[in-house]
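Below: my_file-v7.txt (compact mmCIF, C-alpha atoms (C1' of nucleotides))
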```
# COMPACT_ATOMS: atom_id res chain seq x y z
CA MET E 1370 102.27 179.94 70.47
CA TYR E 1371 100.06 181.53 67.88
CA SER E 1372 100.41 185.16 67.03
CA GLN E 1373 97.20 187.00 67.75
CA LYS E 1374 95.64 188.51 64.66
CA LYS E 1375 95.26 192.27 64.95
CA HIS E 1376 92.23 192.22 62.72
CA LYS E 1377 88.96 191.76 64.56
CA LEU E 1378 86.65 189.70 62.43
CA ARG E 1379 83.13 191.13 62.38
CA PRO E 1380 79.97 189.01 62.25
CA ALA E 1381 79.05 190.68 58.95
CA GLU E 1382 82.14 189.05 57.43
CA LEU E 1383 81.00 185.51 58.21
CA PRO E 1384 79.26 184.90 54.88
CA LYS E 1385 82.50 185.89 53.17
CA VAL E 1386 84.44 183.60 55.51
CA TYR E 1387 82.27 180.70 54.44
CA SER E 1388 82.67 181.60 50.80
CA VAL E 1389 86.47 181.58 51.13
CA LEU E 1390 86.49 178.22 52.90
CA ARG E 1391 84.06 176.71 50.44
CA LYS E 1392 86.20 177.85 47.54
CA ALA E 1393 89.38 176.51 49.16
CA PHE E 1394 88.09 173.12 50.27
CA GLY E 1395 84.91 172.36 48.32
CA TYR E 1396 81.63 171.12 49.75
CA GLN E 1397 82.41 168.78 52.65
CA HIS E 1398 79.43 166.37 52.50
CA TRP E 1399 79.07 165.96 56.23
CA TRP E 1400 78.58 164.20 58.74
CA PRO E 1401 80.96 161.24 58.38
CA GLY E 1402 78.41 158.48 59.05
CA ASP E 1403 76.38 156.07 56.92
CA THR E 1404 72.95 156.41 58.57
CA PRO E 1405 71.13 158.93 60.76
CA PHE E 1406 71.37 156.49 63.65
CA GLU E 1407 75.13 156.24 63.21
CA VAL E 1408 75.32 160.04 63.16
CA MET E 1409 73.42 160.28 66.45
CA VAL E 1410 75.66 157.67 68.05
CA GLY E 1411 78.75 159.41 66.71
CA ALA E 1412 77.56 162.76 68.09
CA ILE E 1413 77.57 161.30 71.60
CA LEU E 1414 80.76 159.30 71.18
CA THR E 1415 82.77 162.28 69.97
CA GLN E 1416 82.16 164.34 73.10
CA ASN E 1417 85.57 165.68 74.17
CA THR E 1418 87.24 162.96 72.12
CA ALA E 1419 89.35 162.73 68.98
CA TRP E 1420 87.31 161.48 66.02
CA THR E 1421 89.91 158.79 65.22
CA ASN E 1422 89.02 157.15 68.53
CA VAL E 1423 85.31 157.40 67.73
CA GLU E 1424 85.95 155.62 64.43
CA LYS E 1425 87.44 152.66 66.29
CA ALA E 1426 84.42 152.46 68.56
CA ILE E 1427 82.00 152.63 65.63
CA LEU E 1428 83.97 149.95 63.82
CA ASN E 1429 83.65 147.70 66.87
CA LEU E 1430 79.89 148.27 66.87
CA LYS E 1431 79.63 147.54 63.16
CA ASN E 1432 81.79 144.42 63.30
CA SER E 1433 79.67 142.96 66.08
CA LYS E 1434 76.46 143.99 64.26
CA LYS E 1435 75.36 146.17 67.17
CA LEU E 1436 75.04 149.51 65.40
CA SER E 1437 71.25 149.60 65.17
CA LEU E 1438 68.39 150.83 67.30
CA ASN E 1439 67.16 147.33 68.12
CA ALA E 1440 70.64 146.11 69.02
CA PHE E 1441 71.12 149.15 71.26
CA ARG E 1442 67.85 148.42 73.04
CA ARG E 1443 68.92 144.85 73.78
CA ILE E 1444 72.61 145.21 74.55
CA SER E 1445 73.73 145.44 78.17
CA LYS E 1446 75.37 148.61 79.35
CA HIS E 1447 78.47 146.62 80.24
CA GLU E 1448 78.74 145.10 76.76
CA LEU E 1449 78.09 148.47 75.10
CA ALA E 1450 80.83 150.05 77.21
CA ARG E 1451 83.22 147.28 76.17
CA LEU E 1452 82.58 147.91 72.47
CA ILE E 1453 82.92 151.70 72.64
CA ARG E 1454 85.99 151.56 74.87
CA PRO E 1455 88.37 153.23 72.36
CA ALA E 1456 86.21 156.37 72.38
CA GLY E 1457 87.08 157.05 76.01
CA TYR E 1458 84.68 157.82 78.91
CA PHE E 1459 83.13 154.50 77.93
CA ASN E 1460 81.03 153.99 81.07
CA ILE E 1461 79.53 157.46 80.89
CA LYS E 1462 78.97 157.27 77.15
CA ALA E 1463 77.32 153.85 77.40
CA ASP E 1464 74.92 155.43 79.88
CA ARG E 1465 74.31 158.40 77.60
CA LEU E 1466 73.66 156.20 74.57
CA LYS E 1467 71.18 154.15 76.58
CA HIS E 1468 69.43 157.31 77.77
CA PHE E 1469 69.18 158.60 74.23
CA VAL E 1470 67.76 155.34 72.87
CA THR E 1471 65.19 155.21 75.68
CA PHE E 1472 64.15 158.76 74.80
CA PHE E 1473 64.04 158.02 71.06
CA VAL E 1474 61.75 155.02 71.57
CA LYS E 1475 59.55 156.61 74.23
CA GLU E 1476 58.97 159.89 72.39
CA TYR E 1477 59.05 158.79 68.76
CA GLN E 1478 58.75 154.99 68.81
CA GLY E 1479 62.27 154.92 67.36
CA ASP E 1480 60.92 156.42 64.16
CA LEU E 1481 63.06 159.08 62.50
CA ARG E 1482 60.14 160.39 60.43
CA ARG E 1483 58.11 161.05 63.56
CA MET E 1484 61.09 162.74 65.15
CA ARG E 1485 61.57 164.95 62.08
CA LYS E 1486 57.95 166.07 62.23
CA GLU E 1487 58.56 167.74 65.58
CA SER E 1488 59.33 171.46 65.38
CA LEU E 1489 62.96 172.45 65.78
CA GLY E 1490 62.43 174.41 69.00
CA ILE E 1491 60.46 171.69 70.78
CA LEU E 1492 62.78 168.94 69.62
CA ARG E 1493 65.86 170.82 70.74
CA GLN E 1494 64.35 171.38 74.18
CA LYS E 1495 63.49 167.70 74.45
CA LEU E 1496 66.98 166.62 73.41
CA LEU E 1497 68.51 168.95 75.98
CA GLY E 1498 66.36 167.21 78.58
CA VAL E 1499 68.08 163.89 77.89
CA LYS E 1500 70.86 163.24 80.38
CA GLY E 1501 74.18 163.41 78.56
CA ILE E 1502 72.97 165.54 75.67
CA GLY E 1503 74.11 169.16 75.87
CA PRO E 1504 73.81 171.94 73.30
CA GLU E 1505 76.54 170.80 70.92
CA THR E 1506 75.38 167.19 70.83
CA ALA E 1507 71.76 168.28 70.42
CA ASP E 1508 72.58 170.61 67.55
CA SER E 1509 74.76 167.97 65.87
CA ILE E 1510 71.90 165.48 66.01
CA LEU E 1511 69.40 168.07 64.79
CA LEU E 1512 71.53 169.26 61.89
CA TYR E 1513 73.31 166.15 60.72
CA ALA E 1514 70.94 163.30 61.59
CA LEU E 1515 67.61 165.10 61.15
CA ASN E 1516 68.49 167.81 58.63
CA LYS E 1517 67.11 170.55 60.90
CA ARG E 1518 68.40 174.12 60.70
CA SER E 1519 70.45 174.27 63.91
CA PHE E 1520 73.94 175.80 63.88
CA VAL E 1521 76.59 173.75 65.71
CA ILE E 1522 79.17 175.46 67.89
CA ASP E 1523 82.14 173.37 68.98
CA ALA E 1524 85.64 173.74 70.37
CA TYR E 1525 87.03 174.36 66.88
CA THR E 1526 84.56 177.17 66.28
CA LYS E 1527 85.52 178.95 69.47
CA ARG E 1528 89.24 178.35 69.03
CA ILE E 1529 89.42 179.52 65.43
CA PHE E 1530 87.09 182.50 65.66
CA SER E 1531 88.29 183.74 69.04
CA ARG E 1532 91.79 183.89 67.54
CA HIS E 1533 90.35 186.03 64.78
CA GLY E 1534 88.71 188.30 67.32
CA LEU E 1535 85.05 187.47 66.62
CA ALA E 1536 84.28 186.86 70.31
CA SER E 1537 85.91 185.63 73.49
CA ALA E 1538 86.26 181.87 73.80
CA ALA E 1539 84.85 182.25 77.30
CA GLU E 1540 81.46 183.38 75.97
CA SER E 1541 78.60 180.93 76.30
CA TYR E 1542 77.45 178.42 73.71
CA ASP E 1543 74.26 180.43 73.11
CA HIS E 1544 76.20 183.65 72.64
CA TRP E 1545 78.39 182.09 69.96
CA GLN E 1546 75.42 180.48 68.27
CA ARG E 1547 73.51 183.77 68.13
CA ILE E 1548 76.45 185.46 66.38
CA PHE E 1549 76.44 182.92 63.56
CA VAL E 1550 72.65 182.69 63.27
CA LYS E 1551 72.24 186.45 63.07
CA ALA E 1552 75.04 186.88 60.54
CA LEU E 1553 74.26 184.03 58.14
CA PRO E 1554 71.37 183.24 55.82
CA HIS E 1555 68.99 180.79 57.54
CA ASN E 1556 69.87 177.85 55.38
CA THR E 1557 70.27 174.24 56.51
CA ARG E 1558 72.76 173.29 53.83
CA LEU E 1559 74.89 176.32 54.71
CA TYR E 1560 74.80 175.48 58.43
CA ASN E 1561 75.80 171.93 57.60
CA ASP E 1562 78.74 172.80 55.41
CA PHE E 1563 80.00 175.80 57.36
CA HIS E 1564 80.46 173.72 60.49
CA ALA E 1565 82.13 171.00 58.44
CA GLN E 1566 84.52 173.59 56.99
CA ILE E 1567 85.30 174.82 60.50
CA VAL E 1568 86.24 171.32 61.61
CA HIS E 1569 88.37 170.91 58.50
CA VAL E 1570 90.26 174.10 59.32
CA GLY E 1571 90.50 173.16 62.99
CA LYS E 1572 92.03 169.79 62.28
CA GLY E 1573 94.22 170.82 59.39
CA PHE E 1574 95.49 174.28 60.19
CA CYS E 1575 94.64 175.50 63.63
CA ARG E 1576 96.26 172.81 65.76
CA LYS E 1577 99.80 172.84 64.47
CA GLU E 1578 101.44 176.20 64.39
CA PRO E 1579 103.52 175.78 61.20
CA ARG E 1580 100.32 175.22 59.22
CA CYS E 1581 98.48 178.20 60.68
CA GLY E 1582 100.10 180.48 58.15
CA LEU E 1583 98.65 178.39 55.32
CA CYS E 1584 95.07 178.74 56.53
CA PRO E 1585 92.73 180.48 54.05
CA LEU E 1586 91.31 182.52 56.94
CA ASN E 1587 94.53 184.52 57.02
CA SER E 1588 93.24 186.39 53.99
CA PHE E 1589 91.03 188.31 56.41
CA LYS E 1590 93.74 189.69 58.63
CA ASN E 1591 94.56 192.86 56.68
CA GLN E 1592 91.19 193.86 55.33
CA GLN E 1593 90.30 196.28 58.10
CA LYS E 1594 92.32 199.22 59.34
CA GLU E 1595 92.89 199.35 63.07
C1' DG U 996 105.54 161.16 80.23
C1' DA U 997 102.91 165.31 79.45
C1' DC U 998 99.50 167.15 76.70
C1' DC U 999 95.49 167.14 73.86
C1' DA U 1000 90.99 165.80 71.63
C1' DG U 1001 84.30 168.04 67.56
C1' DG U 1002 81.24 167.76 76.21
C1' DC U 1003 78.56 167.15 79.93
C1' DA U 1004 76.87 166.69 84.74
C1' DC U 1005 77.47 167.78 89.21
C1' DA U 1006 79.29 170.03 93.52
C1' DT U 1007 80.50 174.14 95.62
C1' DC U 1008 80.80 178.92 96.43
C1' DG L 138 76.11 182.68 87.52
C1' DA L 139 81.06 181.37 87.75
C1' DT L 140 84.46 178.01 88.70
C1' DG L 141 86.40 173.35 89.50
C1' DT L 142 86.36 168.36 88.91
C1' DG L 143 85.56 163.58 87.19
C1' DC L 144 85.15 160.87 83.32
C1' DA L 145 89.40 157.62 79.82
C1' DT L 146 91.23 156.26 75.48
C1' DG L 147 94.83 156.75 71.83
C1' DG L 148 97.94 159.88 69.08
C1' DT L 149 101.85 163.22 69.14
```
Mind converting the file's structure to structure tokens?
Amino acid sequence: MYSQKKHKLRPAELPKVYSVLRKAFGYQHWWPGDTPFEVMVGAILTQNTAWTNVEKAILNLKNSKKLSLNAFRRISKHELARLIRPAGYFNIKADRLKHFVTFFVKEYQGDLRRMRKESLGILRQKLLGVKGIGPETADSILLYALNKRSFVIDAYTKRIFSRHGLASAAESYDHWQRIFVKALPHNTRLYNDFHAQIVHVGKGFCRKEPRCGLCPLNSFKNQQKE
DNA sequence: GACCAGGCACATC
DNA sequence: GATGTGCATGGT
């Protein structure tokens, strides 16, 4: 498989890592979704699922004019599951979407502005209390739908940076998040784009071995003596 | 046909 | 707290 890099990337190098990625790929303008509501739906649909399959599900919702808060409140779980079928786990995800919408209406009357007024810490705790929303989904919603300063850790982050020796992939979500939060300036736009860059690298370079050698992150492998 | 993909909840030890 | 399992489609 992949050759393990001898260089152990240090947290202090993360700002430089971002700078290299940003220079190589440009600002990513994430998340791929037209509205905050679509972003929140996408965050749940993409759980353990390829984004191409999520796109099909979202297209189904759009074509049947069901991609709105009011439509989600009215639609039956069975019908919702039918529409999101391409995204996989459709029964579970239909449940999770319903739970989220119930929470959104009960806590914030379905009003994004009210939701944004909540402090980050409280809001994150509340999101984690919704059945079907774990840390990654919560942080994705916070960062990309609500523009809150919450760093997202995902499978790409762990895969890429464990290969570069930053930490073990087996470490917890919170452990990984603390590394990035401590090492980076506390800046929402940076959090947004850094995660987007990570996904770009994960999809483009880190999955297929022949492309690994082309990844800009390889510029870090010889900068520290063992 | 096997393997993988931007998780999460739940059971069991 | 750690480990294992179910959930499911579509691309390679």
For a quick test of understanding: name the residues of chain E lying within 7 Å of chain U when counting only C-alpha atoms (C1' of nucleotides), and present them as a PDB file with C-alpha atoms, in the coordinates of the input.
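Everything below was put into selection.pdb:
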```
ATOM      1  CA  THR E1415      82.770 162.280  69.970  1.00  0.00           C
ATOM      2  CA  GLN E1416      82.160 164.340  73.100  1.00  0.00           C
ATOM      3  CA  ASN E1417      85.570 165.680  74.170  1.00  0.00           C
ATOM      4  CA  THR E1418      87.240 162.960  72.120  1.00  0.00           C
ATOM      5  CA  ALA E1419      89.350 162.730  68.980  1.00  0.00           C
ATOM      6  CA  GLY E1501      74.180 163.410  78.560  1.00  0.00           C
ATOM      7  CA  GLY E1503      74.110 169.160  75.870  1.00  0.00           C
ATOM      8  CA  ASP E1523      82.140 173.370  68.980  1.00  0.00           C
ATOM      9  CA  ALA E1524      85.640 173.740  70.370  1.00  0.00           C
ATOM     10  CA  TYR E1525      87.030 174.360  66.880  1.00  0.00           C
TER      11      TYR E1525
END
```
Based on only C-alpha atoms (C1' of nucleotides), which of the residues in chain E come within 9 Å of chain L? I want them as a PyMOL selection string. chain E and resi 1418-1419+1421-1422+1454-1461
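Checking E:Arg1465, E:Val1550, E:Val1470, E:Phe1520 one by one against Leu1436 (chain E), counting only C-alpha atoms, you find the shortest gap at E:Val1470.
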Separation of CA of Asn1561 (chain E) from CA of Ala1539 (chain E) in Å: 24.0 Å
Which neighbours of Leu1481 (chain E) fall inside 10 Å, counting all atoms listed in the file, when residues of the same chain fewer than 2 positions from it are skipped, and could you give them as a list in words?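 The residues satisfying every condition are Pro1405, Phe1406, Phe1473, Tyr1477, Gln1478, Gly1479, Arg1483, Met1484, Arg1485, Lys1486, Ala1514 and Leu1515 of chain E.
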Could you save those same residues with C-alpha atoms as a PDB file, in the frame of the given file?
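Saved to result.pdb:
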```
ATOM      1  CA  PRO E1405      71.130 158.930  60.760  1.00  0.00           C
ATOM      2  CA  PHE E1406      71.370 156.490  63.650  1.00  0.00           C
ATOM      3  CA  PHE E1473      64.040 158.020  71.060  1.00  0.00           C
ATOM      4  CA  TYR E1477      59.050 158.790  68.760  1.00  0.00           C
ATOM      5  CA  GLN E1478      58.750 154.990  68.810  1.00  0.00           C
ATOM      6  CA  GLY E1479      62.270 154.920  67.360  1.00  0.00           C
ATOM      7  CA  ARG E1483      58.110 161.050  63.560  1.00  0.00           C
ATOM      8  CA  MET E1484      61.090 162.740  65.150  1.00  0.00           C
ATOM      9  CA  ARG E1485      61.570 164.950  62.080  1.00  0.00           C
ATOM     10  CA  LYS E1486      57.950 166.070  62.230  1.00  0.00           C
ATOM     11  CA  ALA E1514      70.940 163.300  61.590  1.00  0.00           C
ATOM     12  CA  LEU E1515      67.610 165.100  61.150  1.00  0.00           C
TER      13      LEU E1515
END
```
